[in-house]
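Raw data.pdb, PDB, C-alpha atoms, pLDDT in the B column:
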```pdb
ATOM      1  CA  ALA Y   1      17.013   6.737 -10.576  1.00 61.00           C
ATOM      2  CA  LYS Y   2      17.202   5.673  -6.922  1.00 60.00           C
ATOM      3  CA  ALA Y   3      13.404   5.343  -6.699  1.00 61.00           C
ATOM      4  CA  LEU Y   4      13.472   2.735  -9.478  1.00 59.00           C
ATOM      5  CA  THR Y   5      16.450   0.737  -8.172  1.00 65.00           C
ATOM      6  CA  HIS Y   6      15.474  -2.539  -6.519  1.00 59.00           C
ATOM      7  CA  ALA Y   7      17.735  -3.913  -3.789  1.00 59.00           C
ATOM      8  CA  SER Y   8      18.672  -6.836  -6.063  1.00 60.00           C
ATOM      9  CA  ALA Y   9      20.364  -4.394  -8.480  1.00 61.00           C
ATOM     10  CA  THR Y  10      22.468  -2.579  -5.938  1.00 57.00           C
ATOM     11  CA  ASP Y  11      26.198  -2.688  -5.701  1.00 58.00           C
ATOM     12  CA  VAL Y  12      28.771  -0.372  -4.195  1.00 41.00           C
ATOM     13  CA  ARG Y  13      27.807   2.449  -6.590  1.00 50.00           C
ATOM     14  CA  LEU Y  14      24.006   2.295  -6.249  1.00 57.00           C
ATOM     15  CA  GLU Y  15      21.603   2.742  -3.376  1.00 71.00           C
ATOM     16  CA  SER Y  16      18.285   0.884  -3.452  1.00 65.00           C
ATOM     17  CA  ASN Y  17      14.838   2.422  -3.191  1.00 72.00           C
ATOM     18  CA  GLU Y  18      14.026   0.886   0.206  1.00 77.00           C
ATOM     19  CA  ARG Y  19      14.296   4.101   2.255  1.00 81.00           C
ATOM     20  CA  LEU Y  20      12.210   5.958  -0.326  1.00 84.00           C
ATOM     21  CA  GLU Y  21       9.573   3.174  -0.088  1.00 85.00           C
ATOM     22  CA  PHE Y  22       9.180   3.902   3.599  1.00 89.00           C
ATOM     23  CA  LEU Y  23       8.806   7.627   3.021  1.00 90.00           C
ATOM     24  CA  GLY Y  24       6.491   7.191   0.016  1.00 90.00           C
ATOM     25  CA  ASP Y  25       4.088   4.996   1.962  1.00 89.00           C
ATOM     26  CA  ALA Y  26       3.789   7.630   4.693  1.00 91.00           C
ATOM     27  CA  VAL Y  27       3.493  10.486   2.187  1.00 93.00           C
ATOM     28  CA  MET Y  28       0.799   8.691   0.196  1.00 90.00           C
ATOM     29  CA  ALA Y  29      -1.192   8.069   3.380  1.00 91.00           C
ATOM     30  CA  LEU Y  30      -0.918  11.761   4.290  1.00 93.00           C
ATOM     31  CA  ALA Y  31      -1.594  13.101   0.794  1.00 92.00           C
ATOM     32  CA  GLY Y  32      -4.377  10.597   0.127  1.00 89.00           C
ATOM     33  CA  GLY Y  33      -5.954  11.346   3.486  1.00 91.00           C
ATOM     34  CA  HIS Y  34      -5.712  15.073   2.871  1.00 92.00           C
ATOM     35  CA  VAL Y  35      -7.302  14.884  -0.576  1.00 89.00           C
ATOM     36  CA  LEU Y  36     -10.034  12.477   0.579  1.00 89.00           C
ATOM     37  CA  PHE Y  37     -10.790  14.764   3.534  1.00 91.00           C
ATOM     38  CA  GLU Y  38     -11.173  17.705   1.138  1.00 89.00           C
ATOM     39  CA  SER Y  39     -13.149  15.920  -1.550  1.00 87.00           C
ATOM     40  CA  HIS Y  40     -15.618  14.062   0.704  1.00 88.00           C
ATOM     41  CA  PRO Y  41     -16.781  16.346   3.542  1.00 89.00           C
ATOM     42  CA  GLU Y  42     -19.814  14.083   4.101  1.00 87.00           C
ATOM     43  CA  TRP Y  43     -17.728  10.993   4.928  1.00 87.00           C
ATOM     44  CA  GLU Y  44     -17.207   9.850   8.508  1.00 88.00           C
ATOM     45  CA  GLU Y  45     -13.810   8.929   9.967  1.00 89.00           C
ATOM     46  CA  GLY Y  46     -14.302   5.222   9.223  1.00 85.00           C
ATOM     47  CA  ASP Y  47     -15.145   5.956   5.582  1.00 86.00           C
ATOM     48  CA  LEU Y  48     -12.019   8.071   5.218  1.00 88.00           C
ATOM     49  CA  THR Y  49      -9.844   5.462   6.939  1.00 88.00           C
ATOM     50  CA  ARG Y  50     -11.045   2.647   4.680  1.00 85.00           C
ATOM     51  CA  ALA Y  51     -10.662   4.800   1.572  1.00 86.00           C
ATOM     52  CA  VAL Y  52      -7.098   5.842   2.362  1.00 87.00           C
ATOM     53  CA  GLN Y  53      -6.176   2.237   3.193  1.00 85.00           C
ATOM     54  CA  ARG Y  54      -7.513   1.219  -0.204  1.00 83.00           C
ATOM     55  CA  LEU Y  55      -5.303   3.848  -1.884  1.00 82.00           C
ATOM     56  CA  VAL Y  56      -2.098   2.806  -0.132  1.00 81.00           C
ATOM     57  CA  ASP Y  57      -2.282  -0.978  -0.001  1.00 84.00           C
ATOM     58  CA  ARG Y  58       0.056  -3.193  -2.024  1.00 82.00           C
ATOM     59  CA  VAL Y  59      -2.547  -4.000  -4.680  1.00 84.00           C
ATOM     60  CA  ALA Y  60      -3.378  -0.324  -5.268  1.00 85.00           C
ATOM     61  CA  PHE Y  61       0.275   0.720  -5.458  1.00 83.00           C
ATOM     62  CA  ALA Y  62       1.076  -2.118  -7.881  1.00 85.00           C
ATOM     63  CA  ALA Y  63      -1.918  -1.243 -10.070  1.00 87.00           C
ATOM     64  CA  LEU Y  64      -0.835   2.377 -10.104  1.00 86.00           C
ATOM     65  CA  GLY Y  65       2.715   1.344 -11.000  1.00 83.00           C
ATOM     66  CA  ARG Y  66       1.365  -0.723 -13.909  1.00 85.00           C
ATOM     67  CA  ARG Y  67      -0.853   2.134 -15.061  1.00 87.00           C
ATOM     68  CA  LEU Y  68       2.152   4.475 -15.072  1.00 83.00           C
ATOM     69  CA  GLY Y  69       4.378   1.922 -16.860  1.00 84.00           C
ATOM     70  CA  LEU Y  70       7.012   1.706 -14.102  1.00 82.00           C
ATOM     71  CA  ALA Y  71       7.996  -1.887 -14.920  1.00 76.00           C
ATOM     72  CA  GLY Y  72       9.900  -0.764 -18.007  1.00 76.00           C
ATOM     73  CA  TYR Y  73      12.070   1.592 -15.964  1.00 75.00           C
ATOM     74  CA  LEU Y  74      12.963  -0.605 -12.973  1.00 76.00           C
ATOM     75  CA  ARG Y  75      16.558  -1.520 -12.257  1.00 74.00           C
ATOM     76  CA  LEU Y  76      16.572  -5.131 -11.097  1.00 66.00           C
ATOM     77  CA  GLY Y  77      19.246  -7.709 -10.449  1.00 66.00           C
ATOM     78  CA  ARG Y  78      19.992 -10.172 -13.235  1.00 64.00           C
ATOM     79  CA  THR Y  79      17.986 -13.015 -11.663  1.00 57.00           C
ATOM     80  CA  GLU Y  80      14.927 -10.837 -11.083  1.00 62.00           C
ATOM     81  CA  GLN Y  81      15.136  -9.576 -14.686  1.00 61.00           C
ATOM     82  CA  GLN Y  82      15.398 -13.104 -16.073  1.00 56.00           C
ATOM     83  CA  LEU Y  83      12.404 -14.229 -14.026  1.00 55.00           C
ATOM     84  CA  GLY Y  84      10.309 -11.292 -15.262  1.00 59.00           C
ATOM     85  CA  PHE Y  85       9.876  -9.837 -11.791  1.00 56.00           C
ATOM     86  CA  ALA Y  86       9.500  -6.255 -13.065  1.00 56.00           C
ATOM     87  CA  ASP Y  87       5.752  -6.893 -13.103  1.00 62.00           C
ATOM     88  CA  LYS Y  88       5.672  -8.700  -9.743  1.00 69.00           C
ATOM     89  CA  GLU Y  89       3.126  -7.042  -7.458  1.00 75.00           C
ATOM     90  CA  SER Y  90       5.451  -6.540  -4.497  1.00 76.00           C
ATOM     91  CA  ILE Y  91       8.259  -5.080  -6.614  1.00 77.00           C
ATOM     92  CA  LEU Y  92       5.947  -2.722  -8.502  1.00 84.00           C
ATOM     93  CA  SER Y  93       4.214  -1.664  -5.303  1.00 84.00           C
ATOM     94  CA  ASN Y  94       7.510  -0.904  -3.582  1.00 83.00           C
ATOM     95  CA  ALA Y  95       8.774   1.022  -6.608  1.00 85.00           C
ATOM     96  CA  MET Y  96       5.582   3.102  -6.682  1.00 85.00           C
ATOM     97  CA  GLU Y  97       5.993   3.911  -2.995  1.00 88.00           C
ATOM     98  CA  ALA Y  98       9.580   4.968  -3.696  1.00 87.00           C
ATOM     99  CA  VAL Y  99       8.478   7.208  -6.581  1.00 86.00           C
ATOM    100  CA  VAL Y 100       5.985   8.934  -4.291  1.00 90.00           C
ATOM    101  CA  GLY Y 101       8.773   9.423  -1.735  1.00 91.00           C
ATOM    102  CA  ALA Y 102      11.007  10.908  -4.428  1.00 88.00           C
ATOM    103  CA  VAL Y 103       8.232  13.242  -5.621  1.00 90.00           C
ATOM    104  CA  TYR Y 104       7.818  14.451  -2.050  1.00 93.00           C
ATOM    105  CA  LEU Y 105      11.545  15.011  -1.528  1.00 90.00           C
ATOM    106  CA  ASP Y 106      11.845  16.817  -4.841  1.00 91.00           C
ATOM    107  CA  GLY Y 107       8.693  18.961  -4.755  1.00 94.00           C
ATOM    108  CA  GLY Y 108       7.337  18.834  -1.221  1.00 95.00           C
ATOM    109  CA  LEU Y 109       3.821  18.188  -0.040  1.00 93.00           C
ATOM    110  CA  GLU Y 110       2.196  20.232  -2.824  1.00 95.00           C
ATOM    111  CA  ALA Y 111       3.821  17.996  -5.461  1.00 95.00           C
ATOM    112  CA  ALA Y 112       2.657  14.887  -3.601  1.00 92.00           C
ATOM    113  CA  LEU Y 113      -0.880  16.261  -3.341  1.00 92.00           C
ATOM    114  CA  ALA Y 114      -0.873  17.085  -7.056  1.00 94.00           C
ATOM    115  CA  LEU Y 115       0.272  13.540  -7.862  1.00 90.00           C
ATOM    116  CA  VAL Y 116      -2.486  12.003  -5.728  1.00 87.00           C
ATOM    117  CA  ARG Y 117      -5.122  14.257  -7.259  1.00 89.00           C
ATOM    118  CA  ARG Y 118      -3.958  13.363 -10.774  1.00 89.00           C
ATOM    119  CA  VAL Y 119      -3.537   9.586 -10.459  1.00 85.00           C
ATOM    120  CA  TYR Y 120      -6.581   8.996  -8.262  1.00 82.00           C
ATOM    121  CA  ALA Y 121      -8.958  11.503  -9.875  1.00 80.00           C
ATOM    122  CA  ASP Y 122     -11.757   8.945 -10.382  1.00 75.00           C
ATOM    123  CA  GLU Y 123     -11.499   7.542  -6.853  1.00 70.00           C
ATOM    124  CA  LEU Y 124     -11.520  11.049  -5.376  1.00 69.00           C
ATOM    125  CA  ALA Y 125     -14.310  12.515  -7.471  1.00 66.00           C
ATOM    126  CA  GLU Y 126     -17.312  13.914  -5.666  1.00 62.00           C
ATOM    127  CA  GLY Y 127     -19.970  11.259  -5.338  1.00 60.00           C
ATOM    128  CA  SER Y 128     -17.527   8.342  -5.605  1.00 62.00           C
ATOM    129  CA  PRO Y 129     -18.670   5.369  -3.511  1.00 59.00           C
ATOM    130  CA  ARG Y 130     -17.482   4.779   0.018  1.00 62.00           C
ATOM    131  CA  ALA Y 131     -15.012   1.943   0.528  1.00 62.00           C
ATOM    132  CA  GLU Y 132     -16.458  -1.222   2.003  1.00 66.00           C
ATOM    133  CA  SER Y 133     -14.941  -2.676   5.153  1.00 63.00           C
ATOM    134  CA  ASP Y 134     -12.433  -5.436   4.623  1.00 71.00           C
ATOM    135  CA  PRO Y 135     -13.510  -8.973   5.661  1.00 79.00           C
ATOM    136  CA  LYS Y 136     -11.504  -8.896   8.912  1.00 80.00           C
ATOM    137  CA  THR Y 137     -13.153  -5.632  10.008  1.00 77.00           C
ATOM    138  CA  GLN Y 138     -16.595  -6.954   9.049  1.00 75.00           C
ATOM    139  CA  PHE Y 139     -15.931 -10.102  11.109  1.00 84.00           C
ATOM    140  CA  GLN Y 140     -14.764  -8.100  14.140  1.00 82.00           C
ATOM    141  CA  GLU Y 141     -17.744  -5.747  13.946  1.00 78.00           C
ATOM    142  CA  ALA Y 142     -20.176  -8.682  13.682  1.00 83.00           C
ATOM    143  CA  VAL Y 143     -18.629 -10.475  16.677  1.00 85.00           C
ATOM    144  CA  MET Y 144     -18.622  -7.294  18.725  1.00 83.00           C
ATOM    145  CA  ALA Y 145     -22.267  -6.565  17.847  1.00 86.00           C
ATOM    146  CA  ALA Y 146     -23.435 -10.117  18.533  1.00 88.00           C
ATOM    147  CA  LEU Y 147     -21.359 -11.026  21.590  1.00 87.00           C
ATOM    148  CA  GLY Y 148     -19.896  -7.784  22.905  1.00 86.00           C
ATOM    149  CA  VAL Y 149     -16.360  -9.141  22.774  1.00 89.00           C
ATOM    150  CA  PHE Y 150     -13.413  -8.612  20.486  1.00 86.00           C
ATOM    151  CA  PRO Y 151     -11.898 -11.684  18.784  1.00 89.00           C
ATOM    152  CA  ARG Y 152      -8.488 -12.884  19.915  1.00 90.00           C
ATOM    153  CA  TYR Y 153      -5.907 -13.906  17.318  1.00 91.00           C
ATOM    154  CA  GLU Y 154      -3.230 -16.592  17.576  1.00 91.00           C
ATOM    155  CA  LEU Y 155      -0.431 -17.449  15.221  1.00 91.00           C
ATOM    156  CA  GLU Y 156      -1.083 -20.900  13.805  1.00 92.00           C
ATOM    157  CA  ARG Y 157       1.750 -21.138  11.285  1.00 91.00           C
ATOM    158  CA  ASP Y 158       4.718 -19.106  10.011  1.00 91.00           C
ATOM    159  CA  SER Y 159       6.423 -20.371   6.865  1.00 89.00           C
ATOM    160  CA  GLY Y 160       9.463 -18.266   7.758  1.00 87.00           C
ATOM    161  CA  VAL Y 161       9.815 -17.205   4.129  1.00 84.00           C
ATOM    162  CA  GLU Y 162      10.376 -13.447   3.900  1.00 79.00           C
ATOM    163  CA  GLY Y 163       8.086 -11.831   1.320  1.00 72.00           C
ATOM    164  CA  ASP Y 164       5.758 -14.868   1.135  1.00 77.00           C
ATOM    165  CA  GLU Y 165       2.213 -13.533   0.589  1.00 78.00           C
ATOM    166  CA  GLU Y 166       0.856 -16.422   2.690  1.00 84.00           C
ATOM    167  CA  ARG Y 167       3.642 -16.506   5.268  1.00 87.00           C
ATOM    168  CA  PHE Y 168       1.394 -16.250   8.324  1.00 90.00           C
ATOM    169  CA  THR Y 169      -1.692 -18.287   9.141  1.00 91.00           C
ATOM    170  CA  MET Y 170      -3.729 -16.885  12.004  1.00 89.00           C
ATOM    171  CA  ARG Y 171      -6.601 -18.310  14.018  1.00 92.00           C
ATOM    172  CA  ALA Y 172      -9.458 -16.125  15.262  1.00 91.00           C
ATOM    173  CA  LEU Y 173     -10.890 -17.135  18.629  1.00 91.00           C
ATOM    174  CA  VAL Y 174     -14.170 -15.926  20.086  1.00 90.00           C
ATOM    175  CA  GLU Y 175     -14.919 -16.836  23.705  1.00 82.00           C
TER
END
```

Structure translated into structure tokens:
Amino acid sequence: AKALTHASATDVRLESNERLEFLGDAVMALAGGHVLFESHPEWEEGDLTRAVQRLVDRVAFAALGRRLGLAGYLRLGRTEQQLGFADKESILSNAMEAVVGAVYLDGGLEAALALVRRVYADELAEGSPRAESDPKTQFQEAVMAALGVFPRYELERDSGVEGDEERFTMRALVE
């Protein structure tokens, strides 16, 4: 129950899933990395890194939460329920992380590995395609190859709104 309890629903009697989110993110990175390492012996370190990042990012966790139907089991505060936030990407993603943390605490690493193997069977299958670099990595690699320098980043704007998907605006500077 704790894994599905959002902070907005907590009171004196309930504890939210925030600590389990932290653990679940780390466990999923370990279990996903382990299973990818086993299932793709031909992949280089960069391939494995990109693939595990793709498994544990917010979008992937939210999609997995949707696929498993977590939204119907979440405990949310009244406002979040009224606004239909059970299907909000950040809430679903965090809940999925917490579920992974709970699976680990309950069954250990073997249970976490079994979960990863089951829910990501297609992505882990032999012969599945390598993950492409994200745009930021592609940009950095291109700049490094062309100019031999690494871009510098500066904060341009911070909306100050916690949880805002577009909170930070950064500027990339090259020479």

Evaluate the PyMOL selection byres ((chain Y and resi 21-32) around 9) and report residues as a count of residues only | 37

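Rounded to one decimal, CA of Leu92 in chain Y and CA of Val119 in chain Y lie 15.7 Å from each other.
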
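For the choices Y:Ser90, Y:Ala71, Y:Glu45, Y:His40, the atom-to-atom distance to Glu165 in chain Y is smallest for Y:Ser90 when using all atoms listed in the file.
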
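If you look at CA of Arg157 in chain Y and CA of Thr169 in chain Y, they are 5.0 Å away from each other.
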
Tyr153 in chain Y proximity check over Y:Arg66, Y:Arg171, Y:Arg50, Y:Arg58, using all atoms listed in the file: winner is Y:Arg171

For the structure shown, which residues end up in the PyMOL selection byres ((chain Y and resi 154) around 8)? Put them as a count of residues only, please?
-> 8

What is the CA of Gln138 in chain Y to CA of Leu48 in chain Y distance in Å?
-> 16.2 Å

Counting only C-alpha atoms, the option among Y:Lys136, Y:Ser39, Y:Phe61, Y:Glu162 closest to Phe150 in chain Y |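 Nearest candidate to Phe150 in chain Y out of Y:Lys136, Y:Ser39, Y:Phe61, Y:Glu162: Y:Lys136.
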
Can you sort out range 89-100 of chain Y so it carries all heavy atoms, written as a tab-separated table (two decimals), in the coordinates of the input?
```
chain	number	residue	atom	x	y	z
Y	89	GLU	N	3.90	-8.01	-8.25
Y	89	GLU	CA	3.13	-7.04	-7.46
Y	89	GLU	C	3.95	-6.36	-6.37
Y	89	GLU	O	3.91	-5.14	-6.22
Y	89	GLU	CB	1.91	-7.73	-6.85
Y	89	GLU	CG	0.99	-6.76	-6.15
Y	89	GLU	CD	-0.31	-7.41	-5.74
Y	89	GLU	OE1	-1.22	-7.46	-6.58
Y	89	GLU	OE2	-0.39	-7.85	-4.59
Y	90	SER	N	4.70	-7.13	-5.61
Y	90	SER	CA	5.45	-6.54	-4.50
Y	90	SER	C	6.54	-5.59	-5.00
Y	90	SER	O	6.76	-4.53	-4.41
Y	90	SER	CB	6.06	-7.62	-3.61
Y	90	SER	OG	6.97	-8.43	-4.34
Y	91	ILE	N	7.20	-5.93	-6.08
Y	91	ILE	CA	8.26	-5.08	-6.61
Y	91	ILE	C	7.67	-3.80	-7.20
Y	91	ILE	O	8.18	-2.70	-6.94
Y	91	ILE	CB	9.12	-5.85	-7.65
Y	91	ILE	CG1	9.94	-6.92	-6.91
Y	91	ILE	CG2	10.02	-4.90	-8.44
Y	91	ILE	CD1	10.78	-7.80	-7.80
Y	92	LEU	N	6.59	-3.92	-7.94
Y	92	LEU	CA	5.95	-2.72	-8.50
Y	92	LEU	C	5.39	-1.82	-7.40
Y	92	LEU	O	5.52	-0.60	-7.46
Y	92	LEU	CB	4.81	-3.13	-9.43
Y	92	LEU	CG	5.13	-3.21	-10.90
Y	92	LEU	CD1	3.90	-3.68	-11.68
Y	92	LEU	CD2	5.63	-1.91	-11.45
Y	93	SER	N	4.78	-2.43	-6.41
Y	93	SER	CA	4.21	-1.66	-5.30
Y	93	SER	C	5.31	-0.89	-4.58
Y	93	SER	O	5.17	0.31	-4.31
Y	93	SER	CB	3.50	-2.61	-4.34
Y	93	SER	OG	3.06	-1.92	-3.20
Y	94	ASN	N	6.40	-1.56	-4.28
Y	94	ASN	CA	7.51	-0.90	-3.58
Y	94	ASN	C	8.11	0.22	-4.42
Y	94	ASN	O	8.46	1.28	-3.90
Y	94	ASN	CB	8.59	-1.92	-3.21
Y	94	ASN	CG	8.12	-2.90	-2.17
Y	94	ASN	OD1	7.12	-2.69	-1.49
Y	94	ASN	ND2	8.83	-4.01	-2.03
Y	95	ALA	N	8.24	-0.01	-5.72
Y	95	ALA	CA	8.77	1.02	-6.61
Y	95	ALA	C	7.84	2.24	-6.64
Y	95	ALA	O	8.31	3.39	-6.62
Y	95	ALA	CB	8.98	0.46	-8.01
Y	96	MET	N	6.54	1.99	-6.67
Y	96	MET	CA	5.58	3.10	-6.68
Y	96	MET	C	5.68	3.90	-5.39
Y	96	MET	O	5.65	5.14	-5.41
Y	96	MET	CB	4.16	2.57	-6.90
Y	96	MET	CG	3.14	3.64	-7.20
Y	96	MET	SD	3.47	4.49	-8.75
Y	96	MET	CE	3.45	6.19	-8.20
Y	97	GLU	N	5.80	3.22	-4.27
Y	97	GLU	CA	5.99	3.91	-3.00
Y	97	GLU	C	7.25	4.78	-3.05
Y	97	GLU	O	7.24	5.93	-2.60
Y	97	GLU	CB	6.14	2.91	-1.85
Y	97	GLU	CG	4.88	2.19	-1.48
Y	97	GLU	CD	5.11	1.10	-0.44
Y	97	GLU	OE1	6.28	0.71	-0.20
Y	97	GLU	OE2	4.12	0.63	0.13
Y	98	ALA	N	8.32	4.23	-3.61
Y	98	ALA	CA	9.58	4.97	-3.70
Y	98	ALA	C	9.44	6.19	-4.60
Y	98	ALA	O	9.99	7.26	-4.31
Y	98	ALA	CB	10.69	4.05	-4.20
Y	99	VAL	N	8.70	6.07	-5.68
Y	99	VAL	CA	8.48	7.21	-6.58
Y	99	VAL	C	7.73	8.31	-5.83
Y	99	VAL	O	8.07	9.49	-5.95
Y	99	VAL	CB	7.73	6.76	-7.86
Y	99	VAL	CG1	7.20	7.96	-8.63
Y	99	VAL	CG2	8.65	5.92	-8.74
Y	100	VAL	N	6.72	7.93	-5.07
Y	100	VAL	CA	5.98	8.93	-4.29
Y	100	VAL	C	6.93	9.61	-3.29
Y	100	VAL	O	6.88	10.84	-3.13
Y	100	VAL	CB	4.77	8.29	-3.57
Y	100	VAL	CG1	4.14	9.27	-2.59
Y	100	VAL	CG2	3.75	7.82	-4.59
```
